[in-house]
file coords02.txt (compact mmCIF, C-alpha atoms and all ligand atoms)
# COMPACT_ATOMS: atom_id res chain seq x y z
CA MET A 7 87.78 103.96 110.63
CA THR A 8 91.20 104.93 111.91
CA GLN A 9 94.23 102.82 111.05
CA ASP A 10 94.31 101.58 114.62
CA GLN A 11 90.66 100.48 114.48
CA LYS A 12 91.42 98.59 111.27
CA LYS A 13 94.39 96.88 112.95
CA GLN A 14 92.10 95.83 115.78
CA ALA A 15 89.42 94.52 113.39
CA VAL A 16 91.86 92.42 111.39
CA GLY A 17 93.70 91.17 114.51
CA GLU A 18 90.41 89.92 115.91
CA ALA A 19 89.30 88.43 112.57
CA ALA A 20 92.41 86.23 112.46
CA ILE A 21 91.17 84.30 115.49
CA LYS A 22 89.15 82.12 113.12
CA PHE A 23 92.42 80.41 112.10
CA VAL A 24 93.06 79.22 115.66
CA THR A 25 91.95 75.61 115.98
CA ASP A 26 91.55 73.29 118.99
CA ASP A 27 94.80 71.90 120.42
CA CYS A 28 96.93 73.87 118.00
CA VAL A 29 100.30 75.52 118.46
CA ILE A 30 99.95 78.97 116.95
CA GLY A 31 102.81 80.94 115.40
CA VAL A 32 102.72 84.55 116.53
CA GLY A 33 104.36 87.50 114.78
CA THR A 34 105.25 90.93 116.12
CA GLY A 35 103.88 94.46 115.91
CA SER A 36 100.87 96.62 116.66
CA THR A 37 98.45 94.60 114.47
CA VAL A 38 99.62 91.34 116.05
CA HIS A 39 99.15 93.00 119.44
CA TYR A 40 95.38 92.95 118.76
CA PHE A 41 95.57 89.31 117.63
CA ILE A 42 97.31 88.39 120.89
CA SER A 43 94.65 90.22 122.91
CA ALA A 44 91.92 88.36 121.02
CA LEU A 45 93.58 85.03 121.94
CA GLU A 46 92.13 85.63 125.42
CA LYS A 47 88.80 84.12 124.24
CA VAL A 48 90.34 80.90 122.87
CA LYS A 49 93.49 80.43 124.94
CA HIS A 50 91.96 77.53 126.93
CA LYS A 51 91.61 75.55 123.67
CA ILE A 52 95.20 75.82 122.39
CA LYS A 53 98.39 73.98 123.35
CA GLY A 54 100.45 77.14 123.20
CA ALA A 55 102.42 79.38 120.87
CA VAL A 56 105.76 79.87 119.18
CA SER A 57 106.81 83.48 119.15
CA SER A 58 108.84 85.71 116.84
CA SER A 59 110.08 88.23 119.42
CA ASP A 60 110.75 88.85 123.09
CA ASP A 61 107.96 91.44 122.98
CA SER A 62 105.31 88.98 121.75
CA THR A 63 106.61 86.30 124.14
CA LYS A 64 106.10 88.67 127.10
CA LYS A 65 102.55 89.48 126.00
CA LEU A 66 101.64 85.82 125.47
CA GLU A 67 103.12 84.71 128.78
CA ALA A 68 101.37 87.54 130.61
CA MET A 69 98.10 86.02 129.37
CA GLY A 70 99.07 82.57 130.63
CA ILE A 71 99.77 81.15 127.17
CA GLU A 72 102.71 78.75 127.09
CA VAL A 73 105.43 79.78 124.62
CA PHE A 74 107.41 76.85 123.20
CA ASP A 75 111.02 76.92 122.04
CA LEU A 76 110.85 76.52 118.25
CA ASN A 77 113.36 73.66 118.51
CA SER A 78 110.77 71.60 120.37
CA VAL A 79 108.08 72.04 117.69
CA ASP A 80 108.44 70.06 114.43
CA SER A 81 105.63 71.77 112.61
CA PHE A 82 102.50 73.82 113.15
CA ASP A 83 99.71 74.97 110.89
CA ILE A 84 99.35 78.72 111.10
CA TYR A 85 101.64 81.73 111.55
CA VAL A 86 99.87 85.08 112.00
CA ASP A 87 101.83 88.28 111.41
CA GLY A 88 101.55 91.81 110.03
CA ALA A 89 103.53 93.48 107.25
CA ASP A 90 104.83 96.92 106.33
CA GLU A 91 104.02 96.49 102.63
CA ILE A 92 102.43 93.72 100.57
CA THR A 93 101.78 93.25 96.84
CA LYS A 94 99.07 91.31 95.03
CA HIS A 95 101.62 88.47 94.72
CA LYS A 96 101.67 88.35 98.55
CA HIS A 97 105.34 89.40 98.61
CA MET A 98 106.04 91.52 101.68
CA ILE A 99 108.41 93.96 103.33
CA LYS A 100 108.57 93.27 107.06
CA GLY A 101 110.83 94.29 109.92
CA GLY A 102 109.53 97.73 110.83
CA GLY A 103 109.57 96.38 114.39
CA ALA A 104 113.08 94.89 113.94
CA ALA A 105 111.84 91.31 114.44
CA LEU A 106 112.40 90.20 110.83
CA THR A 107 114.89 87.37 111.44
CA ARG A 108 112.83 85.49 114.00
CA GLU A 109 109.70 86.21 111.95
CA LYS A 110 111.33 84.63 108.92
CA ILE A 111 112.44 81.59 110.90
CA VAL A 112 109.09 80.97 112.61
CA SER A 113 107.12 81.54 109.40
CA ALA A 114 109.40 79.09 107.56
CA VAL A 115 108.28 76.32 109.90
CA ALA A 116 104.57 77.14 109.60
CA LYS A 117 102.40 75.40 107.01
CA LYS A 118 100.50 78.63 106.30
CA PHE A 119 101.37 82.31 106.73
CA VAL A 120 98.31 84.46 107.47
CA CYS A 121 99.22 88.11 106.92
CA ILE A 122 97.02 90.63 108.76
CA ILE A 123 97.06 94.21 107.50
CA ASP A 124 95.06 97.38 107.18
CA ASP A 125 94.55 98.50 103.59
CA SER A 126 97.30 101.17 103.76
CA LYS A 127 99.86 98.32 103.50
CA GLN A 128 98.78 97.23 100.00
CA VAL A 129 101.15 98.50 97.30
CA PRO A 130 101.69 97.87 93.58
CA VAL A 131 105.52 97.73 93.98
CA LEU A 132 107.56 97.16 97.16
CA GLY A 133 110.13 99.73 98.29
CA ALA A 134 108.46 102.95 99.42
CA PHE A 135 108.81 101.53 102.95
CA PRO A 136 112.58 101.37 103.68
CA LEU A 137 113.75 97.76 103.53
CA PRO A 138 115.10 96.59 106.92
CA VAL A 139 118.28 94.49 106.84
CA GLU A 140 119.56 92.82 110.04
CA VAL A 141 123.36 92.97 110.15
CA ILE A 142 126.12 91.62 112.43
CA PRO A 143 127.45 94.82 114.11
CA MET A 144 131.07 94.53 112.84
CA ALA A 145 129.82 94.29 109.23
CA ARG A 146 127.61 97.38 109.33
CA SER A 147 129.71 99.71 107.16
CA TYR A 148 130.72 97.02 104.68
CA VAL A 149 127.12 95.87 104.22
CA ALA A 150 126.00 99.50 103.82
CA ARG A 151 128.53 99.99 100.99
CA GLU A 152 127.30 96.81 99.26
CA LEU A 153 123.68 97.96 99.59
CA VAL A 154 124.61 101.25 97.88
CA LYS A 155 125.97 99.17 94.96
CA LEU A 156 122.52 97.57 94.71
CA GLY A 157 120.98 101.03 94.29
CA GLY A 158 119.73 101.69 97.82
CA ASP A 159 120.41 104.35 100.43
CA PRO A 160 121.00 102.50 103.70
CA GLU A 161 120.41 104.28 107.01
CA TYR A 162 121.58 102.91 110.35
CA ARG A 163 118.58 102.56 112.70
CA GLN A 164 120.08 104.41 115.66
CA GLY A 165 119.61 102.98 119.13
CA VAL A 166 118.04 99.70 118.00
CA VAL A 167 119.55 96.33 118.90
CA THR A 168 117.57 93.29 117.71
CA ASP A 169 116.58 90.38 119.96
CA ASN A 170 119.57 88.61 118.38
CA GLY A 171 122.05 91.35 119.38
CA ASN A 172 122.44 92.79 115.88
CA VAL A 173 121.77 96.14 114.18
CA ILE A 174 119.35 97.23 111.46
CA LEU A 175 120.06 99.10 108.23
CA ASP A 176 116.92 100.58 106.63
CA VAL A 177 117.40 100.79 102.87
CA HIS A 178 115.64 103.75 101.25
CA ASN A 179 114.85 104.49 97.61
CA LEU A 180 114.56 100.95 96.32
CA LYS A 181 111.99 100.14 93.66
CA ILE A 182 111.78 96.39 94.07
CA LEU A 183 110.66 94.88 90.78
CA ASN A 184 112.02 91.38 91.47
CA PRO A 185 111.66 90.76 95.22
CA VAL A 186 112.68 87.07 95.07
CA GLU A 187 115.98 87.94 93.37
CA LEU A 188 116.73 90.90 95.64
CA GLU A 189 115.97 88.85 98.75
CA LYS A 190 118.59 86.31 97.65
CA GLN A 191 121.13 88.94 96.58
CA ILE A 192 121.03 90.84 99.88
CA ASN A 193 121.17 87.64 101.92
CA HIS A 194 124.39 86.71 100.10
CA ILE A 195 126.28 89.74 101.43
CA PRO A 196 128.61 88.55 104.24
CA GLY A 197 127.43 90.03 107.52
CA VAL A 198 123.75 90.10 106.60
CA VAL A 199 121.65 87.95 108.91
CA THR A 200 118.54 88.38 106.80
CA ASN A 201 116.55 91.07 105.06
CA GLY A 202 112.91 92.09 105.41
CA LEU A 203 111.81 90.82 102.01
CA PHE A 204 109.41 87.92 102.47
CA ALA A 205 109.13 86.86 98.83
CA ILE A 206 110.78 83.43 98.66
CA ARG A 207 108.31 82.50 101.40
CA ALA A 208 105.37 84.80 100.69
CA ALA A 209 102.09 84.93 102.61
CA ASP A 210 99.48 82.28 101.86
CA ILE A 211 96.39 84.12 103.07
CA VAL A 212 95.96 87.88 103.50
CA LEU A 213 93.33 89.45 105.72
CA VAL A 214 92.83 93.12 104.86
CA ALA A 215 90.85 95.56 106.98
CA THR A 216 89.10 98.24 104.95
CA ASP A 217 86.75 100.97 106.18
CA SER A 218 83.77 98.64 106.01
CA GLU A 219 84.95 95.03 106.33
CA VAL A 220 87.79 92.53 106.62
CA ILE A 221 88.49 90.90 103.26
CA GLU A 222 90.22 87.52 102.88
CA ILE A 223 92.54 87.01 99.89
CA GLU A 224 93.78 83.48 99.13
C1 LIG N 301 107.85 93.63 112.83
C2 LIG N 301 107.04 93.47 111.58
C3 LIG N 301 105.61 93.90 111.64
O1 LIG N 301 104.80 92.84 111.26
C4 LIG N 301 105.43 95.06 110.69
O2 LIG N 301 106.36 96.08 111.02
C5 LIG N 301 104.00 95.61 110.78
O3 LIG N 301 103.82 96.20 112.02
P1 LIG N 301 102.47 96.87 112.48
O4 LIG N 301 101.45 95.78 112.61
O5 LIG N 301 102.83 97.51 113.80
O6 LIG N 301 102.06 97.91 111.46
O7 LIG N 301 107.49 93.02 110.57
O8 LIG N 301 109.20 93.31 112.61
call {"tool": "encode", "arguments": {"input": "coords02.txt", "output": "structure tokens"}}
result
Amino acid sequence: MTQDQKKQAVGEAAIKFVTDDCVIGVGTGSTVHYFISALEKVKHKIKGAVSSSDDSTKKLEAMGIEVFDLNSVDSFDIYVDGADEITKHKHMIKGGGAALTREKIVSAVAKKFVCIIDDSKQVPVLGAFPLPVEVIPMARSYVARELVKLGGDPEYRQGVVTDNGNVILDVHNLKILNPVELEKQINHIPGVVTNGLFAIRAADIVLVATDSEVIEIE
């Protein structure tokens, strides 16, 4: 199977978490794209969605699915999203699609985070994928210098402005042995909006597409 076929298989498999009358939390990215397409079959049964990006909102609305402002939703059961890397502890790097801040906010409200990945995303240690950090534009150089002190090599993601009007620094060459600690440390740097480590709030359930099947890890 190609990586894209695996993304499709796992996106479709996640539909089993969509229950009648639910509000579903929807992530961002190419794997989630397949999940959104699969919602076509069940969209008549759900109340609507909360979305983690303008891109996912557009796709959901184009299908006639109502997208609620997160401020109008107290809680919901399931958030479905992809990841760039994930460990056996269900700690993740996310933000390859620059939607990390809204993803972190929406997933914080959800009771359960269902992470949908192809098997290339499973790693023993996080950090081979450059860690995205969303930064207030005026703080870009300062934050970059602070990230160097933490042992990383930050690179400005040229030409990208997040849905929140900020910029992204991708931090290379980190070997992240304590993701919970590093997530806190980076978030304490003034000017950082958030970073792409999802370790304090890890995934609850992981669906992994392999060459032959979709495996569920709880
Ligand atoms: C976007 C994300 C995505 O979930 C992550 O980049 C994985 O994307 P894809 O499913 O396209 O491989 O965090 O900000």
call {"tool": "residues_near_ligand", "arguments": {"input": "coords02.txt", "ligand": "ligand LIG 301 (chain N)", "cutoff": "7 Å", "atoms": "only C-alpha atoms and all ligand atoms", "output": "PyMOL selection string"}}
result
chain A and resi 33-38+87-90+100-106+123
call {"tool": "residues_around", "arguments": {"input": "coords02.txt", "residues": "A:Met144", "least_positions_apart": "2", "cutoff": "12 Å", "atoms": "all atoms listed in the file", "output": "number ranges by chain"}}
result
A: 140-142, 146-150, 171-173, 196-198
call {"tool": "closest_residue", "arguments": {"input": "coords02.txt", "among": "A:Leu156, A:Val166, A:Ile92, A:Ile84", "to": "A:Cys28", "atoms": "all atoms listed in the file"}}
result
A:Ile84
call {"tool": "closest_residue", "arguments": {"input": "coords02.txt", "among": "A:His50, A:Lys110, A:Arg163, A:Lys118", "to": "A:Asp83", "atoms": "only C-alpha atoms"}}
result
A:Lys118
call {"tool": "atom_distance", "arguments": {"input": "coords02.txt", "atom1": "atom CA of A:Ser58", "atom2": "atom CA of A:Gly31"}}
result
7.8 Å
call {"tool": "closest_residue", "arguments": {"input": "coords02.txt", "among": "A:Ser59, A:Gln9, A:Ser126, A:Ser81", "to": "A:Ile30", "atoms": "only C-alpha atoms"}}
result
A:Ser81
call {"tool": "atom_distance", "arguments": {"input": "coords02.txt", "atom1": "atom CA of A:Met7", "atom2": "atom CA of A:Asp217"}}
result
5.5 Å
call {"tool": "residues_around", "arguments": {"input": "coords02.txt", "residues": "stretch 63-69 of chain A", "least_positions_apart": "5", "cutoff": "9 Å", "atoms": "all atoms listed in the file", "output": "ChimeraX atom specification"}}
result
/A:32,39,42-43,45-46,49,55-58
call {"tool": "atom_distance", "arguments": {"input": "coords02.txt", "atom1": "atom CA of A:Asn179", "atom2": "atom CA of A:Lys127"}}
result
17.2 Å
call {"tool": "closest_atom_pairs", "arguments": {"input": "coords02.txt", "of": "stretch 57-156 of chain A", "to": "stretch 210-213 of chain A", "cutoff": "8 Å", "atoms": "only C-alpha atoms", "output": "JSON lines"}}
result
{"residue": "A:Lys96", "atom": "CA", "partner": "A:Asp210", "partner_atom": "CA", "distance": 7.3}
{"residue": "A:Lys118", "atom": "CA", "partner": "A:Asp210", "partner_atom": "CA", "distance": 5.8}
{"residue": "A:Phe119", "atom": "CA", "partner": "A:Asp210", "partner_atom": "CA", "distance": 5.2}
{"residue": "A:Val120", "atom": "CA", "partner": "A:Ile211", "partner_atom": "CA", "distance": 4.8}
{"residue": "A:Cys121", "atom": "CA", "partner": "A:Val212", "partner_atom": "CA", "distance": 4.7}
{"residue": "A:Ile122", "atom": "CA", "partner": "A:Leu213", "partner_atom": "CA", "distance": 4.9}
{"residue": "A:Ile123", "atom": "CA", "partner": "A:Leu213", "partner_atom": "CA", "distance": 6.3}
call {"tool": "residues_around", "arguments": {"input": "coords02.txt", "residues": "A:Lys181", "least_positions_apart": "6", "cutoff": "7 Å", "atoms": "all atoms listed in the file", "output": "number ranges by chain"}}
result
A: 131-133
call {"tool": "axis_aligned_box", "arguments": {"input": "coords02.txt", "around": "stretch 208-219 of chain A", "padding_each_side": "6 Å", "output": "lines of an AutoDock Vina configuration file"}}
result
center_x = 94.6
center_y = 91.6
center_z = 103.8
size_x = 33.6
size_y = 30.7
size_z = 18.3
call {"tool": "closest_residue", "arguments": {"input": "coords02.txt", "among": "A:Glu161, A:His97, A:Leu183, A:His178", "to": "A:Ile206", "atoms": "only C-alpha atoms"}}
result
A:His97
call {"tool": "closest_residue", "arguments": {"input": "coords02.txt", "among": "A:Ala215, A:Arg151, A:Glu222, A:Glu109", "to": "A:Val16", "atoms": "all atoms listed in the file"}}
result
A:Ala215
call {"tool": "residues_around", "arguments": {"input": "coords02.txt", "residues": "A:Ser218", "least_positions_apart": "5", "cutoff": "12 Å", "atoms": "all atoms listed in the file", "output": "ChimeraX atom specification"}}
result
/A:7-8,11-12,15-16,124-125
call {"tool": "build_atoms", "arguments": {"input": "coords02.txt", "residues": "stretch 56-67 of chain A", "atoms": "all heavy atoms", "output": "PDB file, in the coordinates of the input"}}
result
ATOM      1  N   VAL A  56     104.338  79.564 119.418  1.00  0.00           N
ATOM      2  CA  VAL A  56     105.760  79.870 119.180  1.00  0.00           C
ATOM      3  C   VAL A  56     105.800  81.338 118.786  1.00  0.00           C
ATOM      4  O   VAL A  56     104.915  81.822 118.080  1.00  0.00           O
ATOM      5  CB  VAL A  56     106.420  78.972 118.098  1.00  0.00           C
ATOM      6  CG1 VAL A  56     106.698  77.594 118.646  1.00  0.00           C
ATOM      7  CG2 VAL A  56     105.564  78.875 116.858  1.00  0.00           C
ATOM      8  N   SER A  57     106.818  82.027 119.248  1.00  0.00           N
ATOM      9  CA  SER A  57     106.810  83.480 119.150  1.00  0.00           C
ATOM     10  C   SER A  57     108.001  83.989 118.345  1.00  0.00           C
ATOM     11  O   SER A  57     109.063  83.377 118.329  1.00  0.00           O
ATOM     12  CB  SER A  57     106.877  84.052 120.576  1.00  0.00           C
ATOM     13  OG  SER A  57     107.135  85.430 120.544  1.00  0.00           O
ATOM     14  N   SER A  58     107.800  85.149 117.713  1.00  0.00           N
ATOM     15  CA  SER A  58     108.840  85.710 116.840  1.00  0.00           C
ATOM     16  C   SER A  58     109.619  86.850 117.492  1.00  0.00           C
ATOM     17  O   SER A  58     110.449  87.472 116.830  1.00  0.00           O
ATOM     18  CB  SER A  58     108.177  86.232 115.564  1.00  0.00           C
ATOM     19  OG  SER A  58     107.265  87.259 115.909  1.00  0.00           O
ATOM     20  N   SER A  59     109.334  87.135 118.769  1.00  0.00           N
ATOM     21  CA  SER A  59     110.080  88.230 119.420  1.00  0.00           C
ATOM     22  C   SER A  59     109.925  88.148 120.940  1.00  0.00           C
ATOM     23  O   SER A  59     108.961  87.560 121.442  1.00  0.00           O
ATOM     24  CB  SER A  59     109.568  89.591 118.952  1.00  0.00           C
ATOM     25  OG  SER A  59     108.224  89.769 119.358  1.00  0.00           O
ATOM     26  N   ASP A  60     110.855  88.773 121.626  1.00  0.00           N
ATOM     27  CA  ASP A  60     110.750  88.850 123.090  1.00  0.00           C
ATOM     28  C   ASP A  60     109.486  89.605 123.475  1.00  0.00           C
ATOM     29  O   ASP A  60     108.826  89.281 124.461  1.00  0.00           O
ATOM     30  CB  ASP A  60     111.988  89.553 123.672  1.00  0.00           C
ATOM     31  CG  ASP A  60     113.249  88.698 123.501  1.00  0.00           C
ATOM     32  OD1 ASP A  60     113.120  87.495 123.198  1.00  0.00           O
ATOM     33  OD2 ASP A  60     114.362  89.254 123.658  1.00  0.00           O
ATOM     34  N   ASP A  61     109.141  90.626 122.679  1.00  0.00           N
ATOM     35  CA  ASP A  61     107.960  91.440 122.980  1.00  0.00           C
ATOM     36  C   ASP A  61     106.685  90.589 122.933  1.00  0.00           C
ATOM     37  O   ASP A  61     105.876  90.603 123.871  1.00  0.00           O
ATOM     38  CB  ASP A  61     107.885  92.597 121.972  1.00  0.00           C
ATOM     39  CG  ASP A  61     106.739  93.536 122.279  1.00  0.00           C
ATOM     40  OD1 ASP A  61     106.672  94.021 123.424  1.00  0.00           O
ATOM     41  OD2 ASP A  61     105.894  93.762 121.388  1.00  0.00           O
ATOM     42  N   SER A  62     106.509  89.829 121.856  1.00  0.00           N
ATOM     43  CA  SER A  62     105.310  88.980 121.750  1.00  0.00           C
ATOM     44  C   SER A  62     105.326  87.884 122.817  1.00  0.00           C
ATOM     45  O   SER A  62     104.282  87.542 123.378  1.00  0.00           O
ATOM     46  CB  SER A  62     105.197  88.378 120.347  1.00  0.00           C
ATOM     47  OG  SER A  62     104.893  89.392 119.417  1.00  0.00           O
ATOM     48  N   THR A  63     106.508  87.339 123.102  1.00  0.00           N
ATOM     49  CA  THR A  63     106.610  86.300 124.140  1.00  0.00           C
ATOM     50  C   THR A  63     106.106  86.845 125.478  1.00  0.00           C
ATOM     51  O   THR A  63     105.321  86.189 126.169  1.00  0.00           O
ATOM     52  CB  THR A  63     108.074  85.820 124.286  1.00  0.00           C
ATOM     53  OG1 THR A  63     108.466  85.240 123.047  1.00  0.00           O
ATOM     54  CG2 THR A  63     108.224  84.789 125.392  1.00  0.00           C
ATOM     55  N   LYS A  64     106.537  88.062 125.816  1.00  0.00           N
ATOM     56  CA  LYS A  64     106.100  88.670 127.100  1.00  0.00           C
ATOM     57  C   LYS A  64     104.591  88.808 127.131  1.00  0.00           C
ATOM     58  O   LYS A  64     103.953  88.498 128.138  1.00  0.00           O
ATOM     59  CB  LYS A  64     106.720  90.068 127.232  1.00  0.00           C
ATOM     60  CG  LYS A  64     108.010  90.074 127.996  1.00  0.00           C
ATOM     61  CD  LYS A  64     108.435  91.511 128.315  1.00  0.00           C
ATOM     62  CE  LYS A  64     109.934  91.612 128.132  1.00  0.00           C
ATOM     63  NZ  LYS A  64     110.412  92.732 127.384  1.00  0.00           N
ATOM     64  N   LYS A  65     104.001  89.283 126.036  1.00  0.00           N
ATOM     65  CA  LYS A  65     102.550  89.480 126.000  1.00  0.00           C
ATOM     66  C   LYS A  65     101.813  88.152 126.124  1.00  0.00           C
ATOM     67  O   LYS A  65     100.818  88.037 126.836  1.00  0.00           O
ATOM     68  CB  LYS A  65     102.145  90.189 124.692  1.00  0.00           C
ATOM     69  CG  LYS A  65     102.555  91.655 124.663  1.00  0.00           C
ATOM     70  CD  LYS A  65     102.269  92.294 123.315  1.00  0.00           C
ATOM     71  CE  LYS A  65     102.704  93.761 123.326  1.00  0.00           C
ATOM     72  NZ  LYS A  65     102.901  94.305 121.971  1.00  0.00           N
ATOM     73  N   LEU A  66     102.301  87.132 125.425  1.00  0.00           N
ATOM     74  CA  LEU A  66     101.640  85.820 125.470  1.00  0.00           C
ATOM     75  C   LEU A  66     101.753  85.223 126.870  1.00  0.00           C
ATOM     76  O   LEU A  66     100.757  84.725 127.416  1.00  0.00           O
ATOM     77  CB  LEU A  66     102.298  84.886 124.433  1.00  0.00           C
ATOM     78  CG  LEU A  66     102.009  85.224 122.967  1.00  0.00           C
ATOM     79  CD1 LEU A  66     103.059  84.603 122.043  1.00  0.00           C
ATOM     80  CD2 LEU A  66     100.614  84.748 122.555  1.00  0.00           C
ATOM     81  N   GLU A  67     102.938  85.302 127.453  1.00  0.00           N
ATOM     82  CA  GLU A  67     103.120  84.710 128.780  1.00  0.00           C
ATOM     83  C   GLU A  67     102.307  85.447 129.833  1.00  0.00           C
ATOM     84  O   GLU A  67     101.776  84.845 130.759  1.00  0.00           O
ATOM     85  CB  GLU A  67     104.610  84.654 129.131  1.00  0.00           C
ATOM     86  CG  GLU A  67     105.318  83.588 128.294  1.00  0.00           C
ATOM     87  CD  GLU A  67     106.802  83.425 128.577  1.00  0.00           C
ATOM     88  OE1 GLU A  67     107.428  84.370 129.118  1.00  0.00           O
ATOM     89  OE2 GLU A  67     107.342  82.362 128.229  1.00  0.00           O
TER      90      GLU A  67
END
